[in-house]
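Listing of model05.cif, mmCIF, C-alpha atoms
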```cif
data_data
loop_
_atom_site.label_atom_id
_atom_site.label_comp_id
_atom_site.auth_asym_id
_atom_site.auth_seq_id
_atom_site.Cartn_x
_atom_site.Cartn_y
_atom_site.Cartn_z
CA PRO A 1 -14.27 19.23 1.79
CA GLY A 2 -15.22 16.68 4.50
CA ALA A 3 -18.64 16.01 2.95
CA LEU A 4 -17.09 15.75 -0.53
CA LEU A 5 -14.53 13.24 0.75
CA LEU A 6 -17.26 11.21 2.40
CA GLY A 7 -19.21 11.19 -0.87
CA LEU A 8 -16.15 9.99 -2.75
CA GLU A 9 -15.53 7.24 -0.20
CA LEU A 10 -19.15 6.09 -0.53
CA LEU A 11 -18.89 6.03 -4.33
CA ALA A 12 -15.64 4.07 -4.20
CA GLN A 13 -17.21 1.44 -1.95
CA GLY A 14 -19.86 0.56 -4.51
CA ASP A 15 -20.32 -2.82 -6.13
CA PRO A 16 -17.40 -3.49 -8.52
CA LEU A 17 -19.86 -4.76 -11.12
CA ASP A 18 -21.85 -1.53 -10.97
CA PRO A 19 -21.55 0.38 -14.28
CA VAL A 20 -21.04 3.62 -12.32
CA THR A 21 -17.44 3.44 -11.18
CA LEU A 22 -14.71 5.96 -10.51
CA ASN A 23 -11.90 6.40 -13.01
CA PRO A 24 -8.73 5.34 -11.13
CA ARG A 25 -6.38 7.78 -12.85
CA ARG A 26 -8.70 10.77 -12.46
CA THR A 27 -9.40 9.87 -8.84
CA LEU A 28 -5.67 9.67 -8.04
CA ASP A 29 -5.03 12.93 -9.91
CA VAL A 30 -7.39 14.60 -7.44
CA LEU A 31 -6.51 12.66 -4.26
CA GLY A 32 -2.71 12.63 -4.71
CA PRO A 33 -2.24 16.40 -4.14
CA LEU A 34 -4.72 16.28 -1.23
CA VAL A 35 -2.66 13.58 0.46
CA LYS A 36 0.56 15.56 -0.08
CA ARG A 37 -0.96 18.68 1.48
CA ASN A 38 -2.61 16.87 4.38
CA PRO A 39 -1.23 13.39 5.21
CA SER A 40 -3.57 13.11 8.22
CA VAL A 41 -5.03 9.89 9.56
CA ALA A 42 -8.45 10.72 8.07
CA VAL A 43 -7.00 11.43 4.62
CA ALA A 44 -4.86 8.28 4.80
CA ARG A 45 -7.94 6.19 5.58
CA LEU A 46 -9.89 7.81 2.74
CA PHE A 47 -7.06 7.26 0.26
CA CYS A 48 -6.53 3.62 1.26
CA THR A 49 -10.25 2.84 1.25
CA THR A 50 -10.69 4.46 -2.15
CA VAL A 51 -7.66 2.75 -3.74
CA THR A 52 -8.67 -0.64 -2.33
CA ALA A 53 -12.19 -0.21 -3.69
CA LEU A 54 -10.85 0.78 -7.11
CA ALA A 55 -8.40 -2.15 -7.20
CA PHE A 56 -11.05 -4.77 -7.93
CA CYS A 57 -9.47 -5.81 -11.25
CA ASP A 58 -5.97 -6.00 -12.72
CA THR A 59 -6.73 -3.23 -15.25
CA ASN A 60 -7.58 -0.80 -12.47
CA LYS A 61 -4.59 -1.96 -10.42
CA LEU A 62 -2.29 -1.19 -13.33
CA ASP A 63 -3.95 2.23 -13.80
CA ILE A 64 -3.41 2.96 -10.09
CA VAL A 65 0.24 1.88 -10.29
CA GLU A 66 0.83 3.95 -13.43
CA ALA A 67 -0.76 6.95 -11.69
CA ASN A 68 1.84 6.54 -8.88
CA GLY A 69 -0.68 5.30 -6.32
CA PRO A 70 1.91 3.13 -4.55
CA ALA A 71 4.24 6.12 -4.20
CA VAL A 72 1.45 8.06 -2.46
CA LEU A 73 0.79 5.09 -0.17
CA VAL A 74 4.50 4.79 0.62
CA ALA A 75 4.65 8.54 1.41
CA LEU A 76 1.67 8.14 3.77
CA LEU A 77 3.29 5.14 5.40
CA LYS A 78 6.64 6.90 5.76
CA ALA A 79 5.01 10.02 7.23
CA ASP A 80 3.06 7.88 9.67
CA LEU A 81 6.13 5.89 10.78
CA ASP A 82 8.23 9.06 11.06
CA ARG A 83 5.76 10.63 13.50
CA GLY A 84 5.49 7.54 15.70
CA GLY A 85 2.48 6.35 13.84
CA GLU A 86 -0.93 4.92 14.15
CA PRO A 87 -0.70 1.14 13.73
CA GLN A 88 -4.06 1.23 11.92
CA VAL A 89 -2.75 3.68 9.29
CA ALA A 90 0.44 1.69 8.68
CA SER A 91 -1.54 -1.52 8.45
CA LEU A 92 -4.07 0.05 6.07
CA CYS A 93 -1.29 1.37 3.80
CA ILE A 94 0.49 -2.00 3.72
CA GLU A 95 -2.76 -3.87 3.07
CA THR A 96 -3.60 -1.46 0.23
CA LEU A 97 -0.16 -1.97 -1.30
CA ALA A 98 -0.69 -5.72 -0.99
CA ALA A 99 -4.07 -5.41 -2.77
CA LEU A 100 -2.27 -3.70 -5.66
CA ALA A 101 0.57 -6.25 -5.68
CA ASP A 102 -1.91 -9.15 -5.73
CA SER A 103 -2.11 -9.09 -9.50
CA ALA A 104 -1.52 -11.54 -12.31
CA ASP A 105 0.22 -8.67 -14.11
CA SER A 106 3.95 -8.71 -13.30
CA VAL A 107 4.25 -5.10 -14.51
CA CYS A 108 1.82 -4.14 -11.76
CA ARG A 109 3.83 -6.01 -9.11
CA LYS A 110 7.10 -4.48 -10.31
CA GLY A 111 5.47 -1.05 -10.28
CA VAL A 112 4.36 -1.49 -6.68
CA ALA A 113 7.87 -2.58 -5.68
CA SER A 114 9.67 0.14 -7.66
CA GLN A 115 7.68 2.91 -5.97
CA GLY A 116 9.22 2.18 -2.58
CA SER A 117 6.94 -0.40 -0.99
CA THR A 118 9.68 -3.00 -0.56
CA ALA A 119 11.86 -0.64 1.46
CA GLN A 120 8.95 0.49 3.66
CA ALA A 121 7.83 -3.09 4.34
CA ILE A 122 11.38 -3.94 5.40
CA ARG A 123 11.49 -0.78 7.53
CA ILE A 124 8.32 -1.89 9.33
CA LEU A 125 9.90 -5.25 10.10
CA ALA A 126 12.98 -3.55 11.54
CA ALA A 127 11.35 -0.56 13.28
CA THR A 128 8.25 -1.95 14.95
CA HIS A 129 7.38 -4.76 17.32
CA SER A 130 3.77 -5.13 16.22
CA SER A 131 3.02 -8.68 15.14
CA ASP A 132 0.07 -7.39 13.06
CA LEU A 133 2.33 -5.01 11.15
CA HIS A 134 4.98 -7.71 10.76
CA TYR A 135 2.34 -10.06 9.35
CA ALA A 136 1.08 -7.40 6.91
CA ALA A 137 4.62 -6.49 5.81
CA CYS A 138 5.55 -10.14 5.25
CA GLY A 139 2.35 -10.63 3.27
CA LEU A 140 3.28 -7.74 0.99
CA LEU A 141 6.83 -9.05 0.54
CA GLN A 142 5.45 -12.50 -0.24
CA LEU A 143 3.20 -11.09 -2.98
CA LEU A 144 6.05 -9.06 -4.44
CA SER A 145 8.36 -12.08 -4.41
CA HIS A 146 6.32 -13.70 -7.20
CA ASN A 147 8.43 -11.53 -9.50
CA THR A 148 12.12 -12.42 -9.78
CA SER A 149 13.37 -8.83 -9.90
CA CYS A 150 11.26 -7.99 -6.84
CA LYS A 151 12.64 -11.03 -5.04
CA PHE A 152 16.17 -9.80 -5.78
CA GLU A 153 15.26 -6.33 -4.46
CA ILE A 154 13.87 -7.84 -1.24
CA HIS A 155 17.11 -9.77 -0.74
CA HIS A 156 19.33 -6.83 -1.75
CA LYS A 157 17.59 -4.41 0.66
CA GLY A 158 17.92 -6.76 3.63
CA GLY A 159 14.40 -8.16 3.64
CA ILE A 160 15.38 -11.69 4.55
CA ASP A 161 17.46 -10.51 7.49
CA ALA A 162 14.60 -8.24 8.62
CA ILE A 163 12.12 -11.15 8.50
CA LEU A 164 14.50 -13.38 10.48
CA ALA A 165 15.07 -10.61 13.06
CA ALA A 166 11.30 -10.11 13.45
CA LEU A 167 10.80 -13.85 13.91
CA GLU A 168 13.58 -13.94 16.47
CA HIS A 169 11.99 -11.02 18.35
CA HIS A 170 8.64 -12.83 18.54
CA GLN A 171 10.27 -15.95 20.00
CA HIS A 172 11.35 -14.06 23.13
#
```
This entry written out as structure tokens:
Amino acid sequence: PGALLLGLELLAQGDPLDPVTLNPRRTLDVLGPLVKRNPSVAVARLFCTTVTALAFCDTNKLDIVEANGPAVLVALLKADLDRGGEPQVASLCIETLAALADSADSVCRKGVASQGSTAQAIRILAATHSSDLHYAACGLLQLLSHNTSCKFEIHHKGGIDAILAALEHHQH
């Protein structure tokens, strides 16, 4: 499967204007179960790279969200944080969620938030001391906050307090 995964990654990294592109829903139908069976660093990188490559337009972003792509990313992020984590994997997951949330479509943004990304971004702010991860998590929260219901969720789940605590930590 390693060679097949490499081939998929190479296809996903093609030019977005190329007429030969991967179908986001079909790709996630195949990759989702793989990630659940093997949430390794290599699989996490493949998944994030593929989703980011597919997320070149709002239509694809919405397809990815509707295919529960953010939920898979959140599961990868949670698994990584639970095992002590690779900062690169956490950062890649957060950046991929941010790429999906960076959409003119509010349904897409709400979908990213509703699949657990808000809670995991807040968890990163509270559980790590990495300024790179704090920056990535704040970037995701900022993109989500363009939607009023997402902004309420950030506040309700303690996001503002987590941001202030992270800022306070970096001052010392």
Could you write out as lines of an AutoDock Vina configuration file the box around range 112-116 of chain A (axis-aligned, all atoms listed in the file, 6 Å on each side), with centre and edge lengths in Å to one decimal?
```
center_x = 7.0
center_y = 0.2
center_z = -5.1
size_x = 17.3
size_y = 17.5
size_z = 17.1
```
Using all atoms listed in the file, find each residue in range 102-129 of chain A having at least one atom no more than 9 Å away from range 93-96 of chain A; report its shortest atom-to-atom pair and that distance in Å (one decimal), rows by chain then rising number, as CSV.
```
residue,atom,partner,partner_atom,distance
A:Ser117,CA,A:Ile94,CA,8.1
A:Gln120,CA,A:Ile94,CA,8.8
A:Ala121,CA,A:Ile94,CA,7.4
```
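Restricting the calculation to all atoms listed in the file, the smallest distance between Pro87 in chain A and any of A:Glu66, A:Asp161, A:Asp132, A:Asp29 is found for A:Asp132.
Remark: for Gly69 in chain A, the closest of the candidate residues A:Leu54, A:Leu28, A:Leu34, A:Val43 is A:Leu28 (distances computed over only C-alpha atoms).
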Expected selection from the PyMOL selection byres ((chain A and resi 124) around 10), given as a PDB file with C-alpha atoms, keeping the file's coordinate frame:
```pdb
ATOM      1  CA  LEU A  77       3.290   5.140   5.400  1.00  0.00           C
ATOM      2  CA  LYS A  78       6.640   6.900   5.760  1.00  0.00           C
ATOM      3  CA  LEU A  81       6.130   5.890  10.780  1.00  0.00           C
ATOM      4  CA  ALA A  90       0.440   1.690   8.680  1.00  0.00           C
ATOM      5  CA  SER A  91      -1.540  -1.520   8.450  1.00  0.00           C
ATOM      6  CA  ILE A  94       0.490  -2.000   3.720  1.00  0.00           C
ATOM      7  CA  ALA A 119      11.860  -0.640   1.460  1.00  0.00           C
ATOM      8  CA  GLN A 120       8.950   0.490   3.660  1.00  0.00           C
ATOM      9  CA  ALA A 121       7.830  -3.090   4.340  1.00  0.00           C
ATOM     10  CA  ILE A 122      11.380  -3.940   5.400  1.00  0.00           C
ATOM     11  CA  ARG A 123      11.490  -0.780   7.530  1.00  0.00           C
ATOM     12  CA  LEU A 125       9.900  -5.250  10.100  1.00  0.00           C
ATOM     13  CA  ALA A 126      12.980  -3.550  11.540  1.00  0.00           C
ATOM     14  CA  ALA A 127      11.350  -0.560  13.280  1.00  0.00           C
ATOM     15  CA  THR A 128       8.250  -1.950  14.950  1.00  0.00           C
ATOM     16  CA  HIS A 129       7.380  -4.760  17.320  1.00  0.00           C
ATOM     17  CA  SER A 130       3.770  -5.130  16.220  1.00  0.00           C
ATOM     18  CA  LEU A 133       2.330  -5.010  11.150  1.00  0.00           C
ATOM     19  CA  HIS A 134       4.980  -7.710  10.760  1.00  0.00           C
ATOM     20  CA  ALA A 136       1.080  -7.400   6.910  1.00  0.00           C
ATOM     21  CA  ALA A 137       4.620  -6.490   5.810  1.00  0.00           C
ATOM     22  CA  CYS A 138       5.550 -10.140   5.250  1.00  0.00           C
ATOM     23  CA  ALA A 162      14.600  -8.240   8.620  1.00  0.00           C
ATOM     24  CA  ALA A 166      11.300 -10.110  13.450  1.00  0.00           C
TER      25      ALA A 166
END
```
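Compared by their closest atoms to Thr59 in chain A, and using only C-alpha atoms, the residues A:Leu143, A:Cys150, A:Ala79, A:Cys108 rank with A:Cys108 nearest.
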>> Using all atoms listed in the file for the distances, tell me which of A:Gly32, A:Pro70, A:Pro39, A:Pro24 is nearest to Ala101 in chain A.
In response: A:Pro70
Output of range 46-59 of chain A limited to all heavy atoms, as a PDB file, in the first residue's frame:
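result.pdb, written as the output of this step:
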```
ATOM      1  N   LEU A  46      -0.082  11.998   4.831  1.00  0.00           N
ATOM      2  CA  LEU A  46      -0.729  11.725   3.544  1.00  0.00           C
ATOM      3  C   LEU A  46      -2.130  12.323   3.517  1.00  0.00           C
ATOM      4  O   LEU A  46      -2.508  12.994   2.556  1.00  0.00           O
ATOM      5  CB  LEU A  46      -0.803  10.220   3.285  1.00  0.00           C
ATOM      6  CG  LEU A  46      -1.743   9.860   2.138  1.00  0.00           C
ATOM      7  CD1 LEU A  46      -1.080  10.142   0.801  1.00  0.00           C
ATOM      8  CD2 LEU A  46      -2.205   8.438   2.227  1.00  0.00           C
ATOM      9  N   PHE A  47      -2.898  12.086   4.571  1.00  0.00           N
ATOM     10  CA  PHE A  47      -4.271  12.580   4.613  1.00  0.00           C
ATOM     11  C   PHE A  47      -4.303  14.102   4.540  1.00  0.00           C
ATOM     12  O   PHE A  47      -5.045  14.682   3.748  1.00  0.00           O
ATOM     13  CB  PHE A  47      -4.988  12.079   5.871  1.00  0.00           C
ATOM     14  CG  PHE A  47      -6.458  12.375   5.856  1.00  0.00           C
ATOM     15  CD1 PHE A  47      -7.327  11.595   5.112  1.00  0.00           C
ATOM     16  CD2 PHE A  47      -6.972  13.437   6.575  1.00  0.00           C
ATOM     17  CE1 PHE A  47      -8.686  11.877   5.075  1.00  0.00           C
ATOM     18  CE2 PHE A  47      -8.321  13.732   6.555  1.00  0.00           C
ATOM     19  CZ  PHE A  47      -9.187  12.936   5.801  1.00  0.00           C
ATOM     20  N   CYS A  48      -3.483  14.754   5.356  1.00  0.00           N
ATOM     21  CA  CYS A  48      -3.454  16.226   5.372  1.00  0.00           C
ATOM     22  C   CYS A  48      -3.008  16.789   4.033  1.00  0.00           C
ATOM     23  O   CYS A  48      -3.605  17.743   3.522  1.00  0.00           O
ATOM     24  CB  CYS A  48      -2.545  16.718   6.489  1.00  0.00           C
ATOM     25  SG  CYS A  48      -3.201  16.419   8.146  1.00  0.00           S
ATOM     26  N   THR A  49      -1.977  16.212   3.459  1.00  0.00           N
ATOM     27  CA  THR A  49      -1.473  16.679   2.161  1.00  0.00           C
ATOM     28  C   THR A  49      -2.541  16.521   1.085  1.00  0.00           C
ATOM     29  O   THR A  49      -2.758  17.424   0.272  1.00  0.00           O
ATOM     30  CB  THR A  49      -0.203  15.889   1.768  1.00  0.00           C
ATOM     31  OG1 THR A  49       0.772  16.063   2.785  1.00  0.00           O
ATOM     32  CG2 THR A  49       0.356  16.363   0.447  1.00  0.00           C
ATOM     33  N   THR A  50      -3.216  15.388   1.095  1.00  0.00           N
ATOM     34  CA  THR A  50      -4.244  15.121   0.094  1.00  0.00           C
ATOM     35  C   THR A  50      -5.426  16.071   0.253  1.00  0.00           C
ATOM     36  O   THR A  50      -5.888  16.668  -0.718  1.00  0.00           O
ATOM     37  CB  THR A  50      -4.713  13.647   0.183  1.00  0.00           C
ATOM     38  OG1 THR A  50      -3.583  12.789   0.028  1.00  0.00           O
ATOM     39  CG2 THR A  50      -5.727  13.329  -0.900  1.00  0.00           C
ATOM     40  N   VAL A  51      -5.913  16.241   1.491  1.00  0.00           N
ATOM     41  CA  VAL A  51      -7.059  17.124   1.732  1.00  0.00           C
ATOM     42  C   VAL A  51      -6.705  18.566   1.371  1.00  0.00           C
ATOM     43  O   VAL A  51      -7.495  19.265   0.730  1.00  0.00           O
ATOM     44  CB  VAL A  51      -7.558  17.004   3.189  1.00  0.00           C
ATOM     45  CG1 VAL A  51      -8.550  18.107   3.532  1.00  0.00           C
ATOM     46  CG2 VAL A  51      -8.188  15.640   3.411  1.00  0.00           C
ATOM     47  N   THR A  52      -5.520  19.006   1.750  1.00  0.00           N
ATOM     48  CA  THR A  52      -5.108  20.376   1.416  1.00  0.00           C
ATOM     49  C   THR A  52      -5.052  20.572  -0.095  1.00  0.00           C
ATOM     50  O   THR A  52      -5.504  21.597  -0.611  1.00  0.00           O
ATOM     51  CB  THR A  52      -3.749  20.701   2.060  1.00  0.00           C
ATOM     52  OG1 THR A  52      -3.882  20.568   3.484  1.00  0.00           O
ATOM     53  CG2 THR A  52      -3.298  22.114   1.732  1.00  0.00           C
ATOM     54  N   ALA A  53      -4.530  19.587  -0.797  1.00  0.00           N
ATOM     55  CA  ALA A  53      -4.454  19.682  -2.255  1.00  0.00           C
ATOM     56  C   ALA A  53      -5.849  19.708  -2.885  1.00  0.00           C
ATOM     57  O   ALA A  53      -6.087  20.436  -3.849  1.00  0.00           O
ATOM     58  CB  ALA A  53      -3.637  18.524  -2.824  1.00  0.00           C
ATOM     59  N   LEU A  54      -6.767  18.943  -2.324  1.00  0.00           N
ATOM     60  CA  LEU A  54      -8.132  18.900  -2.861  1.00  0.00           C
ATOM     61  C   LEU A  54      -8.921  20.164  -2.528  1.00  0.00           C
ATOM     62  O   LEU A  54      -9.888  20.489  -3.214  1.00  0.00           O
ATOM     63  CB  LEU A  54      -8.880  17.689  -2.306  1.00  0.00           C
ATOM     64  CG  LEU A  54      -8.431  16.326  -2.804  1.00  0.00           C
ATOM     65  CD1 LEU A  54      -9.102  15.222  -1.996  1.00  0.00           C
ATOM     66  CD2 LEU A  54      -8.727  16.161  -4.278  1.00  0.00           C
ATOM     67  N   ALA A  55      -8.532  20.882  -1.495  1.00  0.00           N
ATOM     68  CA  ALA A  55      -9.293  22.032  -1.003  1.00  0.00           C
ATOM     69  C   ALA A  55      -8.953  23.324  -1.738  1.00  0.00           C
ATOM     70  O   ALA A  55      -8.939  24.387  -1.149  1.00  0.00           O
ATOM     71  CB  ALA A  55      -9.060  22.192   0.495  1.00  0.00           C
ATOM     72  N   PHE A  56      -8.739  23.239  -3.045  1.00  0.00           N
ATOM     73  CA  PHE A  56      -8.354  24.434  -3.795  1.00  0.00           C
ATOM     74  C   PHE A  56      -9.533  25.316  -4.177  1.00  0.00           C
ATOM     75  O   PHE A  56      -9.338  26.427  -4.648  1.00  0.00           O
ATOM     76  CB  PHE A  56      -7.528  24.071  -5.036  1.00  0.00           C
ATOM     77  CG  PHE A  56      -8.259  23.233  -6.049  1.00  0.00           C
ATOM     78  CD1 PHE A  56      -9.062  23.824  -7.009  1.00  0.00           C
ATOM     79  CD2 PHE A  56      -8.122  21.859  -6.050  1.00  0.00           C
ATOM     80  CE1 PHE A  56      -9.724  23.060  -7.945  1.00  0.00           C
ATOM     81  CE2 PHE A  56      -8.769  21.086  -6.980  1.00  0.00           C
ATOM     82  CZ  PHE A  56      -9.584  21.684  -7.933  1.00  0.00           C
ATOM     83  N   CYS A  57     -10.772  24.839  -3.968  1.00  0.00           N
ATOM     84  CA  CYS A  57     -11.933  25.684  -4.264  1.00  0.00           C
ATOM     85  C   CYS A  57     -13.022  25.406  -3.231  1.00  0.00           C
ATOM     86  O   CYS A  57     -13.031  24.362  -2.581  1.00  0.00           O
ATOM     87  CB  CYS A  57     -12.450  25.439  -5.682  1.00  0.00           C
ATOM     88  SG  CYS A  57     -13.173  23.804  -5.938  1.00  0.00           S
ATOM     89  N   ASP A  58     -13.950  26.348  -3.087  1.00  0.00           N
ATOM     90  CA  ASP A  58     -14.999  26.208  -2.077  1.00  0.00           C
ATOM     91  C   ASP A  58     -15.899  24.999  -2.321  1.00  0.00           C
ATOM     92  O   ASP A  58     -16.379  24.385  -1.376  1.00  0.00           O
ATOM     93  CB  ASP A  58     -15.838  27.486  -1.996  1.00  0.00           C
ATOM     94  CG  ASP A  58     -15.128  28.595  -1.242  1.00  0.00           C
ATOM     95  OD1 ASP A  58     -14.038  28.345  -0.682  1.00  0.00           O
ATOM     96  OD2 ASP A  58     -15.664  29.724  -1.207  1.00  0.00           O
ATOM     97  N   THR A  59     -16.119  24.628  -3.576  1.00  0.00           N
ATOM     98  CA  THR A  59     -16.938  23.452  -3.884  1.00  0.00           C
ATOM     99  C   THR A  59     -16.289  22.200  -3.323  1.00  0.00           C
ATOM    100  O   THR A  59     -16.952  21.379  -2.676  1.00  0.00           O
ATOM    101  CB  THR A  59     -17.135  23.316  -5.411  1.00  0.00           C
ATOM    102  OG1 THR A  59     -17.762  24.498  -5.902  1.00  0.00           O
ATOM    103  CG2 THR A  59     -17.974  22.100  -5.750  1.00  0.00           C
TER     104      THR A  59
END
```
